[in-house]
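Remarks on the structure that follows.
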2 protein chains.
Amino acid sequence: MKDGFEGFSVNKLAKACGISVATLYIYYKDKDDLIISIATEEVNRMTEAVLKDFDPESSFEEGLRIQWKNRYRYMTKYPELGLFLEKLRSSTYQQYIFENYMDEFSNRMRVFCQNAVKRGEISELPVGVYWSIAFAPLYSLIRFHNEGSTVGGKPFKLTDKMVWQTFDLVIKGLKR
Amino acid sequence: MKDGFEGFSVNKLAKACGISVATLYIYYKDKDDLIISIATEEVNRMTEAVLKDFDPESSFEEGLRIQWKNRYRYMTKYPELGLFLEKLRSSTYQQYIFENYMDEFSNRMRVFCQNAVKRGEISELPVGVYWSIAFAPLYSLIRFHNEGSTVGGKPFKLTDKMVWQTFDLVIKGLKR
DNA sequence: TTTTTATAAGTGAGCGATCACTTACTTTTG
DNA sequence: CAAAAGTAAGTGATCGCTCACTTATAAAAA
């Protein structure tokens, strides 16, 4: 029972890579630096993918649909990444990685939402409330998919149909 | 940087409890057994609290509202529990704890949903899709609250108003 | 051209600390 | 006094990390 973030060690990593532990310490000053560096890289890569084709000036439904498409595609393209970020999220590294990951990102998202509110497409909402409705369901689906089962332990395989079925309900909830 | 589930050790636990490590091993056969036992206890306690006043025969909105109320109250009453379950969720212990936690629970939830579908209150949905819309937003809010910030790193404090505001949007999305 | 020196890249062996866990023994309880 | 409950003092294994050292490449000196 040593598979997750528990059970990750510098010695094991070096052995798995076929290099000496000492070599790792040439490139990273310590274990924390290693994890934070690699994780930050991955988070930035994902942020970039999520913003692909995203236009803050587009309609609310269209913009959100592209976000969903990008996130869904990226997470299913790299399934391990989801689990990795999950573990990061509930680790003490979380704050060091996600704190500034949103400089450009959160700006564009804010503009996008403000536009949608201005146009009367959605109501004004606190950021946390908005995110919890707009994205939490998608990440929940992806999580079930990666774990292979829902909360009840029932087997679960995510399909495109399910994603867009969920999307439609989310849109229905958010739109005025 | 040793605070989370990483950094938890039997030796530290014993010291914190003011007892000998050996004493722990009288009651638990190994570390895994200790974690799984305690976690299962907590999950059962929470499941019980969540089913309080819940009637599978009630209307969909009323039933879901009670579920939200119970979950919200329990998670804010024991904030550490949320973080603990979070860490469990993304650990290798997950499968051992949550696999059977839903014998009575998932039955009652299934009946509840079937009733709602029969009455035409909601459409028939895959369980994973249903859960992702009905509960993922709430857990997302609670998570932000416990972490004290949203995805953007912006400070976040959950209020009753936010919870029921989110609930209303979820209901709007789910109801026919 | 050959030799020397400089530097970056990488390594094996092993440090002290801590890990999960055990043993040999003492105290408490009924 | 016998059983149950508890403990101090460890066990070998593994942790993150370092040090003294080798190898590879190339510029500088002879």
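Ordering of the structure tokens sets the chain letters (A, B, ...); residue numbers start at 1 within each chain; ligands are numbered from 1 in the order shown.
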Please give chain A as a PDB file with C-alpha atoms, in the first residue's frame, after it has been superposed on chain B by least squares over all Cα atoms paired in order.
ATOM      1  CA  MET A   1       6.763  21.064   4.542  1.00  0.00           C
ATOM      2  CA  LYS A   2       5.418  18.018   6.299  1.00  0.00           C
ATOM      3  CA  ASP A   3       1.824  18.605   7.268  1.00  0.00           C
ATOM      4  CA  GLY A   4      -0.611  16.712   5.146  1.00  0.00           C
ATOM      5  CA  PHE A   5      -1.082  13.020   4.693  1.00  0.00           C
ATOM      6  CA  GLU A   6       2.505  13.052   3.755  1.00  0.00           C
ATOM      7  CA  GLY A   7       4.118  13.630   7.090  1.00  0.00           C
ATOM      8  CA  PHE A   8       1.661  11.540   9.059  1.00  0.00           C
ATOM      9  CA  SER A   9       3.476   8.805  10.945  1.00  0.00           C
ATOM     10  CA  VAL A  10       2.662   6.250  13.608  1.00  0.00           C
ATOM     11  CA  ASN A  11       5.500   7.469  15.792  1.00  0.00           C
ATOM     12  CA  LYS A  12       4.289  11.046  15.658  1.00  0.00           C
ATOM     13  CA  LEU A  13       0.716  10.001  16.383  1.00  0.00           C
ATOM     14  CA  ALA A  14       1.759   8.055  19.470  1.00  0.00           C
ATOM     15  CA  LYS A  15       3.839  10.938  20.744  1.00  0.00           C
ATOM     16  CA  ALA A  16       0.980  13.370  20.145  1.00  0.00           C
ATOM     17  CA  CYS A  17      -1.374  11.087  22.062  1.00  0.00           C
ATOM     18  CA  GLY A  18       1.120  10.690  24.871  1.00  0.00           C
ATOM     19  CA  ILE A  19       1.230   6.917  24.554  1.00  0.00           C
ATOM     20  CA  SER A  20       3.733   4.376  23.346  1.00  0.00           C
ATOM     21  CA  VAL A  21       3.798   3.288  19.727  1.00  0.00           C
ATOM     22  CA  ALA A  22       3.450  -0.261  20.939  1.00  0.00           C
ATOM     23  CA  THR A  23       0.105   0.581  22.503  1.00  0.00           C
ATOM     24  CA  LEU A  24      -1.263   1.577  19.105  1.00  0.00           C
ATOM     25  CA  TYR A  25      -0.358  -1.809  17.791  1.00  0.00           C
ATOM     26  CA  ILE A  26      -2.481  -3.492  20.427  1.00  0.00           C
ATOM     27  CA  TYR A  27      -5.575  -1.949  18.872  1.00  0.00           C
ATOM     28  CA  TYR A  28      -4.577  -1.787  15.208  1.00  0.00           C
ATOM     29  CA  LYS A  29      -2.659  -4.444  13.379  1.00  0.00           C
ATOM     30  CA  ASP A  30      -0.729  -1.997  11.217  1.00  0.00           C
ATOM     31  CA  LYS A  31      -0.737   1.568   9.944  1.00  0.00           C
ATOM     32  CA  ASP A  32      -3.159   0.800   7.129  1.00  0.00           C
ATOM     33  CA  ASP A  33      -5.565  -0.836   9.555  1.00  0.00           C
ATOM     34  CA  LEU A  34      -5.388   2.217  11.791  1.00  0.00           C
ATOM     35  CA  ILE A  35      -6.166   4.665   9.024  1.00  0.00           C
ATOM     36  CA  ILE A  36      -8.864   2.530   7.440  1.00  0.00           C
ATOM     37  CA  SER A  37     -10.573   1.854  10.782  1.00  0.00           C
ATOM     38  CA  ILE A  38     -10.668   5.454  11.886  1.00  0.00           C
ATOM     39  CA  ALA A  39     -11.650   6.704   8.450  1.00  0.00           C
ATOM     40  CA  THR A  40     -14.448   4.155   8.113  1.00  0.00           C
ATOM     41  CA  GLU A  41     -15.767   5.247  11.495  1.00  0.00           C
ATOM     42  CA  GLU A  42     -15.802   8.873  10.375  1.00  0.00           C
ATOM     43  CA  VAL A  43     -17.408   8.106   7.039  1.00  0.00           C
ATOM     44  CA  ASN A  44     -20.167   6.113   8.726  1.00  0.00           C
ATOM     45  CA  ARG A  45     -20.769   8.884  11.219  1.00  0.00           C
ATOM     46  CA  MET A  46     -21.071  11.372   8.390  1.00  0.00           C
ATOM     47  CA  THR A  47     -23.345   9.156   6.325  1.00  0.00           C
ATOM     48  CA  GLU A  48     -25.667   8.902   9.280  1.00  0.00           C
ATOM     49  CA  ALA A  49     -25.707  12.684   9.699  1.00  0.00           C
ATOM     50  CA  VAL A  50     -26.366  13.187   5.991  1.00  0.00           C
ATOM     51  CA  LEU A  51     -29.405  10.916   6.073  1.00  0.00           C
ATOM     52  CA  LYS A  52     -30.923  12.747   9.066  1.00  0.00           C
ATOM     53  CA  ASP A  53     -34.520  13.773   8.314  1.00  0.00           C
ATOM     54  CA  PHE A  54     -34.107  12.562   4.742  1.00  0.00           C
ATOM     55  CA  ASP A  55     -37.215  10.989   3.299  1.00  0.00           C
ATOM     56  CA  PRO A  56     -36.836   9.238  -0.093  1.00  0.00           C
ATOM     57  CA  GLU A  57     -40.533   9.814  -0.636  1.00  0.00           C
ATOM     58  CA  SER A  58     -40.325  13.585  -0.369  1.00  0.00           C
ATOM     59  CA  SER A  59     -40.329  15.904  -3.364  1.00  0.00           C
ATOM     60  CA  PHE A  60     -37.097  16.224  -5.277  1.00  0.00           C
ATOM     61  CA  GLU A  61     -36.360  19.790  -4.292  1.00  0.00           C
ATOM     62  CA  GLU A  62     -37.214  19.197  -0.658  1.00  0.00           C
ATOM     63  CA  GLY A  63     -35.117  16.004  -0.454  1.00  0.00           C
ATOM     64  CA  LEU A  64     -32.126  17.554  -2.123  1.00  0.00           C
ATOM     65  CA  ARG A  65     -32.399  20.619   0.090  1.00  0.00           C
ATOM     66  CA  ILE A  66     -32.206  18.454   3.210  1.00  0.00           C
ATOM     67  CA  GLN A  67     -29.186  16.616   1.818  1.00  0.00           C
ATOM     68  CA  TRP A  68     -27.470  19.927   1.171  1.00  0.00           C
ATOM     69  CA  LYS A  69     -28.377  21.236   4.599  1.00  0.00           C
ATOM     70  CA  ASN A  70     -27.062  18.122   6.328  1.00  0.00           C
ATOM     71  CA  ARG A  71     -23.846  17.962   4.334  1.00  0.00           C
ATOM     72  CA  TYR A  72     -23.234  21.672   4.657  1.00  0.00           C
ATOM     73  CA  ARG A  73     -23.849  21.657   8.416  1.00  0.00           C
ATOM     74  CA  TYR A  74     -21.733  18.588   9.046  1.00  0.00           C
ATOM     75  CA  MET A  75     -18.811  19.780   6.967  1.00  0.00           C
ATOM     76  CA  THR A  76     -18.732  23.199   8.569  1.00  0.00           C
ATOM     77  CA  LYS A  77     -19.208  21.730  12.038  1.00  0.00           C
ATOM     78  CA  TYR A  78     -16.143  19.557  11.522  1.00  0.00           C
ATOM     79  CA  PRO A  79     -13.943  21.468   9.072  1.00  0.00           C
ATOM     80  CA  GLU A  80     -10.935  19.222   9.608  1.00  0.00           C
ATOM     81  CA  LEU A  81     -13.067  16.285   8.518  1.00  0.00           C
ATOM     82  CA  GLY A  82     -13.449  17.773   5.058  1.00  0.00           C
ATOM     83  CA  LEU A  83      -9.727  18.096   4.608  1.00  0.00           C
ATOM     84  CA  PHE A  84      -9.216  14.629   6.041  1.00  0.00           C
ATOM     85  CA  LEU A  85     -11.702  13.022   3.662  1.00  0.00           C
ATOM     86  CA  GLU A  86     -10.208  15.032   0.830  1.00  0.00           C
ATOM     87  CA  LYS A  87      -6.809  13.562   1.493  1.00  0.00           C
ATOM     88  CA  LEU A  88      -8.291  10.114   1.900  1.00  0.00           C
ATOM     89  CA  ARG A  89     -10.067  10.509  -1.411  1.00  0.00           C
ATOM     90  CA  SER A  90      -6.878  11.017  -3.327  1.00  0.00           C
ATOM     91  CA  SER A  91      -4.944   8.386  -1.433  1.00  0.00           C
ATOM     92  CA  THR A  92      -4.692   4.665  -2.002  1.00  0.00           C
ATOM     93  CA  TYR A  93      -6.928   4.091   1.002  1.00  0.00           C
ATOM     94  CA  GLN A  94      -9.881   5.472  -0.891  1.00  0.00           C
ATOM     95  CA  GLN A  95     -11.119   2.176  -2.320  1.00  0.00           C
ATOM     96  CA  TYR A  96     -10.996   0.404   1.024  1.00  0.00           C
ATOM     97  CA  ILE A  97     -13.112   3.006   2.757  1.00  0.00           C
ATOM     98  CA  PHE A  98     -15.666   4.183   0.236  1.00  0.00           C
ATOM     99  CA  GLU A  99     -16.350   0.891  -1.508  1.00  0.00           C
ATOM    100  CA  ASN A 100     -19.108  -0.292   0.793  1.00  0.00           C
ATOM    101  CA  TYR A 101     -20.006   2.941   2.478  1.00  0.00           C
ATOM    102  CA  MET A 102     -23.174   3.060   0.480  1.00  0.00           C
ATOM    103  CA  ASP A 103     -25.140  -0.042   1.228  1.00  0.00           C
ATOM    104  CA  GLU A 104     -28.145   1.574   2.814  1.00  0.00           C
ATOM    105  CA  PHE A 105     -27.209   5.006   1.573  1.00  0.00           C
ATOM    106  CA  SER A 106     -27.067   4.360  -2.154  1.00  0.00           C
ATOM    107  CA  ASN A 107     -30.258   2.353  -1.992  1.00  0.00           C
ATOM    108  CA  ARG A 108     -32.202   5.213  -0.463  1.00  0.00           C
ATOM    109  CA  MET A 109     -30.687   7.659  -2.917  1.00  0.00           C
ATOM    110  CA  ARG A 110     -31.637   5.465  -5.844  1.00  0.00           C
ATOM    111  CA  VAL A 111     -35.213   5.193  -4.639  1.00  0.00           C
ATOM    112  CA  PHE A 112     -35.310   8.957  -4.136  1.00  0.00           C
ATOM    113  CA  CYS A 113     -34.149   9.606  -7.689  1.00  0.00           C
ATOM    114  CA  GLN A 114     -36.447   7.027  -9.208  1.00  0.00           C
ATOM    115  CA  ASN A 115     -39.387   8.659  -7.456  1.00  0.00           C
ATOM    116  CA  ALA A 116     -38.393  12.075  -8.778  1.00  0.00           C
ATOM    117  CA  VAL A 117     -38.111  10.695 -12.307  1.00  0.00           C
ATOM    118  CA  LYS A 118     -41.440   8.893 -12.004  1.00  0.00           C
ATOM    119  CA  ARG A 119     -43.111  12.111 -10.899  1.00  0.00           C
ATOM    120  CA  GLY A 120     -41.542  13.898 -13.842  1.00  0.00           C
ATOM    121  CA  GLU A 121     -39.596  16.297 -11.633  1.00  0.00           C
ATOM    122  CA  ILE A 122     -36.252  15.484 -13.230  1.00  0.00           C
ATOM    123  CA  SER A 123     -35.008  13.570 -16.263  1.00  0.00           C
ATOM    124  CA  GLU A 124     -33.426  10.171 -15.941  1.00  0.00           C
ATOM    125  CA  LEU A 125     -29.672  10.555 -15.659  1.00  0.00           C
ATOM    126  CA  PRO A 126     -26.650   8.309 -15.194  1.00  0.00           C
ATOM    127  CA  VAL A 127     -25.696   8.229 -11.506  1.00  0.00           C
ATOM    128  CA  GLY A 128     -22.343   9.896 -12.140  1.00  0.00           C
ATOM    129  CA  VAL A 129     -23.924  12.727 -14.097  1.00  0.00           C
ATOM    130  CA  TYR A 130     -26.588  13.200 -11.464  1.00  0.00           C
ATOM    131  CA  TRP A 131     -24.125  13.334  -8.594  1.00  0.00           C
ATOM    132  CA  SER A 132     -21.801  15.680 -10.469  1.00  0.00           C
ATOM    133  CA  ILE A 133     -24.568  18.234 -10.880  1.00  0.00           C
ATOM    134  CA  ALA A 134     -26.390  17.690  -7.613  1.00  0.00           C
ATOM    135  CA  PHE A 135     -23.492  17.617  -5.174  1.00  0.00           C
ATOM    136  CA  ALA A 136     -20.164  18.513  -6.769  1.00  0.00           C
ATOM    137  CA  PRO A 137     -20.928  22.265  -6.602  1.00  0.00           C
ATOM    138  CA  LEU A 138     -21.639  22.039  -2.877  1.00  0.00           C
ATOM    139  CA  TYR A 139     -18.439  20.150  -2.170  1.00  0.00           C
ATOM    140  CA  SER A 140     -16.556  22.616  -4.307  1.00  0.00           C
ATOM    141  CA  LEU A 141     -17.898  25.481  -2.185  1.00  0.00           C
ATOM    142  CA  ILE A 142     -16.956  23.688   1.020  1.00  0.00           C
ATOM    143  CA  ARG A 143     -13.509  22.992  -0.336  1.00  0.00           C
ATOM    144  CA  PHE A 144     -12.944  26.631  -1.244  1.00  0.00           C
ATOM    145  CA  HIS A 145     -14.164  27.558   2.206  1.00  0.00           C
ATOM    146  CA  ASN A 146     -11.796  25.172   3.946  1.00  0.00           C
ATOM    147  CA  GLU A 147      -8.887  26.282   1.817  1.00  0.00           C
ATOM    148  CA  GLY A 148      -9.906  29.886   2.356  1.00  0.00           C
ATOM    149  CA  SER A 149      -9.558  30.769  -1.310  1.00  0.00           C
ATOM    150  CA  THR A 150     -10.978  30.029  -4.737  1.00  0.00           C
ATOM    151  CA  VAL A 151      -9.093  28.737  -7.772  1.00  0.00           C
ATOM    152  CA  GLY A 152      -7.751  32.193  -8.495  1.00  0.00           C
ATOM    153  CA  GLY A 153      -6.258  32.407  -5.029  1.00  0.00           C
ATOM    154  CA  LYS A 154      -8.803  35.068  -4.122  1.00  0.00           C
ATOM    155  CA  PRO A 155      -9.862  34.935  -0.468  1.00  0.00           C
ATOM    156  CA  PHE A 156     -13.121  33.069   0.035  1.00  0.00           C
ATOM    157  CA  LYS A 157     -15.518  32.819   2.944  1.00  0.00           C
ATOM    158  CA  LEU A 158     -18.626  30.714   2.467  1.00  0.00           C
ATOM    159  CA  THR A 159     -21.938  32.148   3.638  1.00  0.00           C
ATOM    160  CA  ASP A 160     -25.380  30.592   3.980  1.00  0.00           C
ATOM    161  CA  LYS A 161     -26.541  32.902   1.228  1.00  0.00           C
ATOM    162  CA  MET A 162     -23.955  31.553  -1.198  1.00  0.00           C
ATOM    163  CA  VAL A 163     -24.915  27.967  -0.411  1.00  0.00           C
ATOM    164  CA  TRP A 164     -28.589  28.502  -1.149  1.00  0.00           C
ATOM    165  CA  GLN A 165     -27.863  30.701  -4.126  1.00  0.00           C
ATOM    166  CA  THR A 166     -25.862  27.829  -5.564  1.00  0.00           C
ATOM    167  CA  PHE A 167     -28.563  25.369  -4.587  1.00  0.00           C
ATOM    168  CA  ASP A 168     -31.183  27.337  -6.473  1.00  0.00           C
ATOM    169  CA  LEU A 169     -29.081  27.306  -9.640  1.00  0.00           C
ATOM    170  CA  VAL A 170     -28.482  23.569  -9.310  1.00  0.00           C
ATOM    171  CA  ILE A 171     -32.191  22.946  -8.878  1.00  0.00           C
ATOM    172  CA  LYS A 172     -32.923  25.125 -11.879  1.00  0.00           C
ATOM    173  CA  GLY A 173     -30.521  23.056 -13.946  1.00  0.00           C
ATOM    174  CA  LEU A 174     -31.835  19.696 -12.799  1.00  0.00           C
ATOM    175  CA  LYS A 175     -35.577  20.318 -12.840  1.00  0.00           C
ATOM    176  CA  ARG A 176     -37.513  19.677 -16.018  1.00  0.00           C
TER     177      ARG A 176
END
Return as a ChimeraX atom specification the full set of residues in stretch 3-118 of chain B whose backbone-based DSSP assignment is helix (DSSP H, G or I). /B:10-17,21-27,31-50,60-77,79-89,94-98,103-118
May I ask you to extract the residues of chain D within 9 Å of chain A, using only C-alpha atoms (C1' of nucleotides), and to give them as a ChimeraX atom specification? /D:15-18
Written file, previous selection with C-alpha atoms (C1' of nucleotides), as a JSON list (two decimals), in the first residue's frame:
[["chain", "number", "residue", "atom", "x", "y", "z"],
["D", 15, "DC", "C1'", 13.83, 8.49, 3.99],
["D", 16, "DG", "C1'", 15.97, 13.06, 2.03],
["D", 17, "DC", "C1'", 20.23, 14.52, 1.09],
["D", 18, "DT", "C1'", 25.64, 15.13, 0.73]]
Chain C residues within 9 Å of chain B, counting only C-alpha atoms (C1' of nucleotides): which ones, as a ChimeraX atom specification? /C:19-22
Please list as a PyMOL selection string every residue within 12 Å of C:DT3, counting only C-alpha atoms (C1' of nucleotides) and excluding residues in the same chain fewer than 5 positions away. chain D and resi 28-30
If you keep C-alpha atoms (C1' of nucleotides), can you produce a file of those selected residues as a short mmCIF file (atom, residue, chain, number, x, y, z; two decimals), in the first residue's frame?
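Below is the file that was written, out.cif:
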data_model
loop_
_atom_site.label_atom_id
_atom_site.label_comp_id
_atom_site.auth_asym_id
_atom_site.auth_seq_id
_atom_site.Cartn_x
_atom_site.Cartn_y
_atom_site.Cartn_z
"C1'" DA D 28 44.54 27.45 -23.44
"C1'" DA D 29 49.33 26.65 -23.33
"C1'" DA D 30 53.54 24.36 -24.91
#
Can you check which residues of chain B DSSP gives as strand (DSSP E or B) on the backbone and send them as a VMD selection string? chain B and resid 122 149 155 175
Those same residues, written as a short mmCIF file (atom, residue, chain, number, x, y, z; two decimals), in the first residue's frame with C-alpha atoms?
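Output file result29.cif follows:
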data_model
loop_
_atom_site.label_atom_id
_atom_site.label_comp_id
_atom_site.auth_asym_id
_atom_site.auth_seq_id
_atom_site.Cartn_x
_atom_site.Cartn_y
_atom_site.Cartn_z
CA ILE B 122 -36.24 15.48 -13.23
CA SER B 149 -9.52 30.72 -1.28
CA PRO B 155 -9.84 34.87 -0.43
CA LYS B 175 -35.56 20.31 -12.82
#
Length of the atom C1' of C:DT11 to atom C1' of D:DA13 vector [Å]: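 Those two atoms sit 23.0 Å apart.
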Closest to D:DA27 among C:DT18, C:DT27, C:DT1, C:DT7, using only C-alpha atoms (C1' of nucleotides)?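 Looking at the shortest contact to D:DA27, the residue is C:DT7.
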